[in-house]
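Novice: Just my_file_27.tsv, nothing more (TSV, C-alpha atoms):
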```
chain	number	residue	atom	x	y	z
A	76	GLU	CA	0.00	0.00	0.00
A	77	MET	CA	2.99	2.33	0.37
A	78	LEU	CA	4.05	1.86	-3.26
A	79	HIS	CA	2.78	4.39	-5.80
A	80	ARG	CA	4.00	2.15	-8.64
A	81	PRO	CA	5.08	-1.48	-8.86
A	82	MET	CA	8.63	-1.89	-7.57
A	83	ASP	CA	11.15	-2.96	-10.21
A	84	PHE	CA	14.79	-3.67	-10.83
A	85	ASN	CA	16.90	-0.69	-11.74
A	86	VAL	CA	20.07	-0.48	-13.85
A	87	TRP	CA	19.87	3.07	-15.24
A	88	ARG	CA	21.22	6.28	-13.77
A	89	ALA	CA	21.04	9.79	-15.18
A	90	PRO	CA	24.44	10.12	-16.94
A	91	THR	CA	26.97	12.33	-15.20
A	92	ASP	CA	29.27	14.73	-17.04
A	93	ASN	CA	31.91	12.02	-16.83
A	94	ASP	CA	29.53	9.48	-18.42
A	95	ARG	CA	29.17	11.51	-21.62
A	96	LYS	CA	31.00	8.93	-23.77
A	97	LEU	CA	30.04	5.85	-21.77
A	98	LYS	CA	26.33	6.69	-21.93
A	99	LEU	CA	26.38	6.01	-25.69
A	100	HIS	CA	27.35	2.40	-24.97
A	101	TRP	CA	24.76	2.19	-22.17
A	102	MET	CA	21.99	3.42	-24.46
A	103	ALA	CA	23.06	1.06	-27.26
A	104	ALA	CA	22.75	-1.77	-24.71
A	105	GLY	CA	19.24	-0.59	-23.85
A	106	TYR	CA	19.97	0.06	-20.18
A	107	ASP	CA	17.85	3.22	-20.31
A	108	ARG	CA	14.76	1.26	-21.40
A	109	ALA	CA	15.31	-2.08	-19.67
A	110	VAL	CA	12.31	-4.15	-18.60
A	111	THR	CA	11.99	-7.18	-16.35
A	112	ARG	CA	10.34	-10.38	-17.59
A	113	ALA	CA	9.32	-13.27	-15.34
A	114	TYR	CA	9.50	-16.79	-16.78
A	115	ARG	CA	8.34	-18.88	-13.84
A	116	SER	CA	7.34	-18.33	-10.23
A	117	HIS	CA	6.10	-20.51	-7.39
A	118	TYR	CA	5.24	-19.81	-3.76
A	119	VAL	CA	4.87	-21.53	-0.41
A	120	ALA	CA	2.59	-20.01	2.24
A	121	THR	CA	2.65	-20.71	5.97
A	122	GLU	CA	0.99	-19.04	8.94
A	123	ASN	CA	3.95	-16.69	9.41
A	124	GLU	CA	5.21	-15.91	5.93
A	125	VAL	CA	5.00	-16.36	2.19
A	126	ARG	CA	8.07	-17.44	0.19
A	127	ILE	CA	8.17	-16.76	-3.54
A	128	HIS	CA	10.83	-17.95	-5.98
A	129	SER	CA	11.03	-16.37	-9.45
A	130	ASP	CA	13.31	-16.68	-12.48
A	131	VAL	CA	13.44	-13.43	-14.42
A	132	SER	CA	15.53	-11.58	-16.98
A	133	MET	CA	16.31	-7.98	-17.84
A	134	SER	CA	16.61	-6.66	-21.38
A	135	ALA	CA	15.52	-3.90	-23.69
A	136	VAL	CA	12.44	-4.87	-25.69
A	137	THR	CA	14.27	-5.23	-29.00
A	138	LEU	CA	17.55	-6.69	-27.69
A	139	GLN	CA	18.74	-9.93	-26.17
A	140	ARG	CA	18.68	-10.20	-22.40
A	141	PHE	CA	21.69	-8.79	-20.57
A	142	MET	CA	20.95	-10.35	-17.18
A	143	ASN	CA	19.31	-13.45	-15.69
A	144	ILE	CA	18.10	-13.20	-12.09
A	145	GLU	CA	16.96	-15.75	-9.52
A	146	LEU	CA	14.82	-14.22	-6.78
A	147	ASP	CA	13.74	-15.49	-3.40
A	148	TRP	CA	11.21	-13.26	-1.64
A	149	THR	CA	10.17	-13.73	1.97
A	150	ILE	CA	7.12	-11.72	3.07
A	151	SER	CA	6.24	-11.95	6.76
A	152	VAL	CA	2.82	-11.39	8.32
A	153	SER	CA	4.18	-8.13	9.79
A	154	GLY	CA	4.70	-6.79	6.26
A	155	ALA	CA	8.51	-7.04	6.29
A	156	VAL	CA	9.97	-8.10	2.94
A	157	THR	CA	13.35	-9.74	2.34
A	158	VAL	CA	14.71	-10.42	-1.13
A	159	ASP	CA	17.72	-12.58	-1.96
A	160	ILE	CA	19.01	-11.83	-5.45
A	161	LEU	CA	21.38	-13.95	-7.54
A	162	ALA	CA	22.01	-12.24	-10.87
A	163	LYS	CA	24.20	-13.30	-13.81
A	164	ARG	CA	25.29	-10.50	-16.16
A	165	ASN	CA	26.08	-11.18	-19.81
A	166	PRO	CA	29.74	-10.07	-20.17
A	167	GLU	CA	29.19	-9.18	-23.83
A	168	PHE	CA	27.37	-6.08	-22.61
A	169	PRO	CA	29.12	-3.00	-21.15
A	170	GLU	CA	29.40	-2.40	-17.42
A	171	LEU	CA	26.15	-1.55	-15.68
A	172	PRO	CA	25.40	2.02	-14.57
A	173	ARG	CA	23.97	0.50	-11.35
A	174	PHE	CA	22.08	-2.53	-10.10
A	175	GLY	CA	19.34	-2.44	-7.53
A	176	LEU	CA	15.65	-1.84	-6.83
A	177	ARG	CA	13.54	1.29	-7.21
A	178	MET	CA	10.46	2.20	-5.18
A	179	PHE	CA	8.03	5.11	-5.54
A	180	LEU	CA	6.92	5.92	-1.99
A	181	PRO	CA	4.57	8.55	-0.53
A	182	ASN	CA	5.88	12.07	-1.01
A	183	GLU	CA	5.50	12.83	2.71
A	184	LEU	CA	8.33	10.41	3.54
A	185	GLU	CA	10.69	13.37	3.69
A	186	GLN	CA	12.77	12.78	6.81
A	187	ILE	CA	15.66	10.37	6.44
A	188	GLY	CA	18.23	8.80	8.73
A	189	TYR	CA	20.94	6.41	7.61
A	190	TYR	CA	23.98	4.61	8.97
A	191	GLY	CA	26.72	4.55	6.36
A	192	LEU	CA	28.99	6.96	4.52
A	193	GLY	CA	28.01	10.62	4.79
A	194	PRO	CA	27.17	13.39	5.17
A	195	ILE	CA	28.06	14.33	1.57
A	196	GLU	CA	27.21	12.27	-1.51
A	197	ASN	CA	29.64	9.46	-2.24
A	198	TYR	CA	30.38	6.73	-4.75
A	199	VAL	CA	32.78	3.81	-4.94
A	200	ASP	CA	35.60	6.06	-6.25
A	201	LYS	CA	34.42	9.30	-4.66
A	202	LYS	CA	34.29	8.82	-0.91
A	203	ASN	CA	37.50	10.05	0.72
A	204	ALA	CA	35.68	13.13	2.06
A	205	ALA	CA	32.92	10.99	3.63
A	206	TYR	CA	33.02	9.06	6.89
A	207	HIS	CA	30.94	6.40	8.63
A	208	GLY	CA	28.26	7.47	11.06
A	209	TYR	CA	24.55	7.94	11.61
A	210	PHE	CA	23.23	10.95	9.70
A	211	THR	CA	19.84	12.63	9.47
A	212	ASP	CA	18.60	14.91	6.71
A	213	THR	CA	15.66	15.57	4.44
A	214	VAL	CA	15.14	14.01	1.03
A	215	ARG	CA	15.12	17.48	-0.51
A	216	ASN	CA	18.52	18.31	0.99
A	217	LEU	CA	20.07	15.11	-0.39
A	218	HIS	CA	19.69	16.48	-3.92
A	219	GLU	CA	22.89	17.98	-5.33
A	220	ASP	CA	21.89	20.78	-7.67
A	221	TYR	CA	24.47	20.41	-10.42
A	222	ILE	CA	24.43	22.89	-13.30
A	223	ARG	CA	23.29	20.10	-15.61
A	224	PRO	CA	20.90	17.53	-14.07
A	225	GLN	CA	22.57	14.16	-13.53
A	226	GLU	CA	23.00	11.30	-11.06
A	227	ASN	CA	23.59	12.69	-7.58
A	228	GLY	CA	23.07	12.24	-3.86
A	229	ALA	CA	24.07	8.59	-3.36
A	230	HIS	CA	25.31	7.28	-0.02
A	231	GLY	CA	27.19	3.99	0.08
A	232	ASP	CA	28.28	1.31	2.53
A	233	CYS	CA	24.99	1.63	4.45
A	234	ASP	CA	23.60	-0.90	6.91
A	235	LEU	CA	20.42	1.05	7.64
A	236	ALA	CA	18.20	3.70	6.08
A	237	VAL	CA	14.95	5.03	7.54
A	238	LEU	CA	12.48	7.27	5.70
A	239	GLU	CA	9.58	8.64	7.71
A	240	SER	CA	6.76	11.13	8.03
A	241	ASP	CA	4.42	11.88	10.90
A	242	LYS	CA	2.44	8.72	10.15
A	243	LEU	CA	4.62	6.39	8.05
A	244	ARG	CA	8.05	4.82	8.26
A	245	MET	CA	10.10	2.69	5.86
A	246	VAL	CA	13.10	0.90	7.37
A	247	VAL	CA	15.73	-0.69	5.10
A	248	VAL	CA	18.49	-2.97	6.41
A	249	SER	CA	21.16	-5.23	4.96
A	250	THR	CA	23.98	-7.17	6.57
A	251	GLU	CA	25.95	-6.87	3.32
A	252	GLY	CA	25.75	-3.11	2.93
A	253	PHE	CA	24.01	-1.13	0.21
A	254	SER	CA	23.99	2.24	-1.52
A	255	PHE	CA	20.88	4.39	-1.75
A	256	ASN	CA	19.44	7.51	-3.35
A	257	ALA	CA	16.28	9.25	-2.18
A	258	SER	CA	14.88	12.03	-4.34
A	259	HIS	CA	11.72	13.73	-5.55
A	260	TYR	CA	13.07	13.51	-9.12
A	261	THR	CA	13.17	10.39	-11.28
A	262	GLN	CA	16.30	9.32	-13.11
A	263	GLU	CA	14.31	9.76	-16.36
A	264	GLU	CA	13.65	13.40	-15.45
A	265	LEU	CA	17.31	13.99	-14.62
A	266	THR	CA	18.32	12.31	-17.90
A	267	THR	CA	16.09	14.30	-20.23
A	268	LYS	CA	16.31	17.82	-18.79
A	269	GLY	CA	19.21	20.07	-19.73
A	270	HIS	CA	18.98	22.61	-16.89
A	271	SER	CA	18.17	22.37	-13.21
A	272	PHE	CA	15.41	25.00	-13.39
A	273	GLU	CA	13.50	22.74	-15.80
A	274	LEU	CA	13.23	19.85	-13.34
A	275	GLU	CA	9.75	18.78	-12.23
A	276	GLU	CA	9.12	16.69	-9.14
A	277	CYS	CA	7.33	13.39	-9.70
A	278	GLY	CA	5.00	13.54	-6.69
A	279	SER	CA	6.67	10.62	-4.91
A	280	THR	CA	9.76	9.95	-2.85
A	281	VAL	CA	11.87	7.84	-5.18
A	282	LEU	CA	14.03	5.38	-3.25
A	283	CYS	CA	16.80	3.51	-5.08
A	284	LEU	CA	18.40	0.64	-3.17
A	285	ASP	CA	21.58	-0.42	-4.94
A	286	TYR	CA	23.96	-3.31	-4.76
A	287	ARG	CA	26.43	-0.88	-6.31
A	288	GLN	CA	26.81	1.88	-8.83
A	289	ASN	CA	29.48	2.31	-11.47
A	290	GLY	CA	32.14	4.77	-10.33
A	291	ILE	CA	32.13	8.44	-11.30
A	292	GLY	CA	35.59	8.70	-12.86
A	293	SER	CA	36.97	11.68	-14.77
A	294	ALA	CA	36.27	10.84	-18.41
A	295	SER	CA	34.83	14.28	-19.24
A	296	CYS	CA	38.39	15.58	-19.31
A	297	GLY	CA	40.59	12.61	-18.38
A	298	THR	CA	41.02	8.87	-18.66
A	299	ASP	CA	38.37	6.17	-18.58
A	300	LEU	CA	37.28	4.71	-15.26
A	301	MET	CA	39.66	2.18	-13.70
A	302	ASP	CA	38.42	-1.41	-13.81
A	303	GLN	CA	38.27	-1.71	-10.02
A	304	TYR	CA	35.53	0.96	-9.95
A	305	ARG	CA	33.49	-0.37	-12.90
A	306	LEU	CA	30.39	-2.47	-12.30
A	307	LEU	CA	31.65	-5.44	-14.31
A	308	ASP	CA	30.55	-8.15	-11.86
A	309	GLU	CA	29.35	-11.18	-13.81
A	310	THR	CA	27.68	-12.57	-10.67
A	311	ILE	CA	25.76	-10.39	-8.20
A	312	ASP	CA	24.69	-11.90	-4.88
A	313	PHE	CA	22.69	-9.38	-2.89
A	314	SER	CA	20.19	-9.48	-0.04
A	315	ILE	CA	18.17	-6.63	1.44
A	316	ARG	CA	15.17	-6.25	3.75
A	317	TRP	CA	12.63	-3.47	4.21
A	318	ILE	CA	9.96	-2.97	6.83
A	319	PRO	CA	6.99	-0.63	6.18
A	320	GLU	CA	5.38	0.69	9.34
A	321	LEU	CA	2.36	2.72	10.36
A	322	LYS	CA	3.55	4.88	13.25
A	323	LYS	CA	1.42	4.86	16.39
```
Here is a file; write its structure as structure tokens.

Specialist:
Amino acid sequence: EMLHRPMDFNVWRAPTDNDRKLKLHWMAAGYDRAVTRAYRSHYVATENEVRIHSDVSMSAVTLQRFMNIELDWTISVSGAVTVDILAKRNPEFPELPRFGLRMFLPNELEQIGYYGLGPIENYVDKKNAAYHGYFTDTVRNLHEDYIRPQENGAHGDCDLAVLESDKLRMVVVSTEGFSFNASHYTQEELTTKGHSFELEECGSTVLCLDYRQNGIGSASCGTDLMDQYRLLDETIDFSIRWIPELKK
């Protein structure tokens, strides 16, 4: 009931200035228009939980699949959801911009607290100015208003993130660590608009929960991204849990 749209897997990010050459390869691979297709699913229900197993793929409509994914969902009677993801990436395709899940949540979920790297935005190759701790902020303040709209505001190596309003709370946890973005703008909006003053909010709090993002690099005026910061993983094993709550 807290989702404004169906949740889905997410591999696209609004290209940064340093992605200006790489984004051509990403678009040719169809990452900006990827869809998820389920081939088979089965479930087991008990008094305490429902377990669902699904085999799915990701691809652009007119291209071959670039990823196969095995999913195990566990949904408890309290409403908590855990997903275990085992994904296999086709190495013939370029590195992924990101890999994770995207949720469209109520717009009033504006307050955020997280335990991870902060307080400034950070990425796998852009984090020396960040440090571990528990930070609080608003979703609106997490947005970095670059001259040209682009990917921004991520926080990595998180164990916990909590979005809340006066009445609602969404708690996200992972023992493996995750990166997240929370914004009132979609990545599609940030991709298509050329100036910050043109941006229009989507009416939701958009929460991206990532296994990882590709690094930022310096390719707008320097060399390509080093391999250690590229999202080239052929196997992705990722687990994350979220707990929606109605505050008393």

Novice: Would you give me, as a tab-separated table, each residue of region 257-308 of chain A having an atom within 12 Å of an atom of region 146-160 of chain A, along with its shortest atom pair and that distance in Å to one decimal, using only C-alpha atoms and sorting by chain and residue number?

Specialist:
```
residue	atom	partner	partner_atom	distance
A:Leu284	CA	A:Val158	CA	11.8
A:Asp285	CA	A:Ile160	CA	11.7
A:Tyr286	CA	A:Ile160	CA	9.9
```

Novice: Write out, as a Markdown table, each residue of region 224-307 of chain A that has an atom at most 10 Å from region 188-206 of chain A, together with the closest pair of atoms and their distance in Å to one decimal, counting only C-alpha atoms, rows going by chain and rising number.

Specialist:
```
| residue | atom | partner | partner_atom | distance |
| --- | --- | --- | --- | --- |
| A:Asn227 | CA | A:Glu196 | CA | 7.1 |
| A:Gly228 | CA | A:Glu196 | CA | 4.8 |
| A:Ala229 | CA | A:Glu196 | CA | 5.2 |
| A:His230 | CA | A:Asn197 | CA | 5.3 |
| A:Gly231 | CA | A:Leu192 | CA | 5.6 |
| A:Asp232 | CA | A:Gly191 | CA | 5.3 |
| A:Cys233 | CA | A:Gly191 | CA | 3.9 |
| A:Asp234 | CA | A:Tyr190 | CA | 5.9 |
| A:Leu235 | CA | A:Tyr190 | CA | 5.2 |
| A:Ala236 | CA | A:Tyr189 | CA | 4.1 |
| A:Val237 | CA | A:Gly188 | CA | 5.1 |
| A:Leu238 | CA | A:Gly188 | CA | 6.7 |
| A:Glu239 | CA | A:Gly188 | CA | 8.7 |
| A:Val246 | CA | A:Gly188 | CA | 9.5 |
| A:Val247 | CA | A:Tyr189 | CA | 9.2 |
| A:Val248 | CA | A:Tyr190 | CA | 9.7 |
| A:Gly252 | CA | A:Gly191 | CA | 8.4 |
| A:Phe253 | CA | A:Gly191 | CA | 8.8 |
| A:Ser254 | CA | A:Tyr198 | CA | 8.5 |
| A:Phe255 | CA | A:Tyr189 | CA | 9.6 |
| A:Asn256 | CA | A:Glu196 | CA | 9.3 |
| A:Arg287 | CA | A:Val199 | CA | 8.0 |
| A:Gln288 | CA | A:Tyr198 | CA | 7.3 |
| A:Asn289 | CA | A:Val199 | CA | 7.5 |
| A:Gly290 | CA | A:Asp200 | CA | 5.5 |
| A:Ile291 | CA | A:Asp200 | CA | 6.6 |
| A:Gly292 | CA | A:Asp200 | CA | 7.1 |
| A:Leu300 | CA | A:Asp200 | CA | 9.3 |
| A:Met301 | CA | A:Asp200 | CA | 9.3 |
| A:Gln303 | CA | A:Asp200 | CA | 9.0 |
| A:Tyr304 | CA | A:Asp200 | CA | 6.3 |
| A:Arg305 | CA | A:Val199 | CA | 9.0 |
| A:Leu306 | CA | A:Val199 | CA | 10.0 |
```

Novice: What is the distance between CA of Glu167 (chain A) and CA of Cys296 (chain A), in Å to one decimal?

Specialist: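 Pair CA of Glu167 (chain A) / CA of Cys296 (chain A) returns 26.8 Å.
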
Novice: If I take CA of Ala103 (chain A) and CA of Lys163 (chain A), how far is one from the other in Å, to one decimal?

Specialist: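 That distance, rounded to one decimal, is 19.7 Å.
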
Novice: Taking 2 positions as the minimum chain separation for residues in the same chain, which residues sit within 10 Å of Ala162 (chain A) when counting all atoms listed in the file? Answer as a ChimeraX atom specification.

Specialist: /A:130-133,142-146,159-160,164-165,174,308-313

Novice: Could you name the residues that touch region 89-98 of chain A at 12 Å or less, counting all atoms listed in the file, but leaving out those on the same chain fewer than 3 positions away, as JSON, numbers by chain?

Specialist: {"A": [85, 86, 101, 102, 103, 104, 105, 106, 107, 169, 170, 171, 172, 173, 221, 222, 223, 224, 225, 226, 227, 228, 260, 261, 262, 263, 264, 265, 266, 267, 268, 269, 288, 289, 290, 291, 292, 293, 294, 295, 296, 297, 298, 299, 300, 305]}

Novice: What separation in Å, quoted to one decimal, exists between CA of Thr280 (chain A) and CA of Asp83 (chain A)?

Specialist: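 That distance, rounded to one decimal, is 14.9 Å.
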
Novice: Choose the residue, out of A:Asp241, A:Glu76, A:Glu124, A:Glu273, that has the smallest atom-to-atom separation from Lys322 (chain A); count only C-alpha atoms.

Specialist: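 Using only C-alpha atoms, the shortest distance to Lys322 (chain A) belongs to A:Asp241.
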
Novice: Of the candidates A:Leu217, A:Val110, A:Ile127, A:Met245, which shows the shortest atom-to-atom distance to His259 (chain A), using all atoms listed in the file?

Specialist: A:Leu217

Novice: So that I can see what lies close to Leu78 (chain A), please list as a count of residues only the residues with an atom at most 9 Å from it, counting all atoms listed in the file and leaving out residues fewer than 2 positions away in the same chain.

Specialist: 8

Novice: Around (13.8, 8.9, -0.3), as given in the file, which residues come within 7 Å? Count all atoms listed in the file and list them as number ranges by chain.

Specialist: A: 184-185, 214, 238, 256-258, 280-282

Novice: Output as AutoDock Vina command-line options the centre and edge lengths (Å, one decimal) of the box along x, y and z of the file that holds every listed atom of region 166-184 of chain A after adding 3 Å on each side.

Specialist:
```
--center_x 17.2 --center_y 1.4 --center_z -10.1 --size_x 31.2 --size_y 28.9 --size_z 33.4
```

Novice: Go through A:Arg215, A:Ser240, A:Ala113, A:Phe141 and flag the residue nearest His128 (chain A), using all atoms listed in the file for the distances.

Specialist: A:Ala113
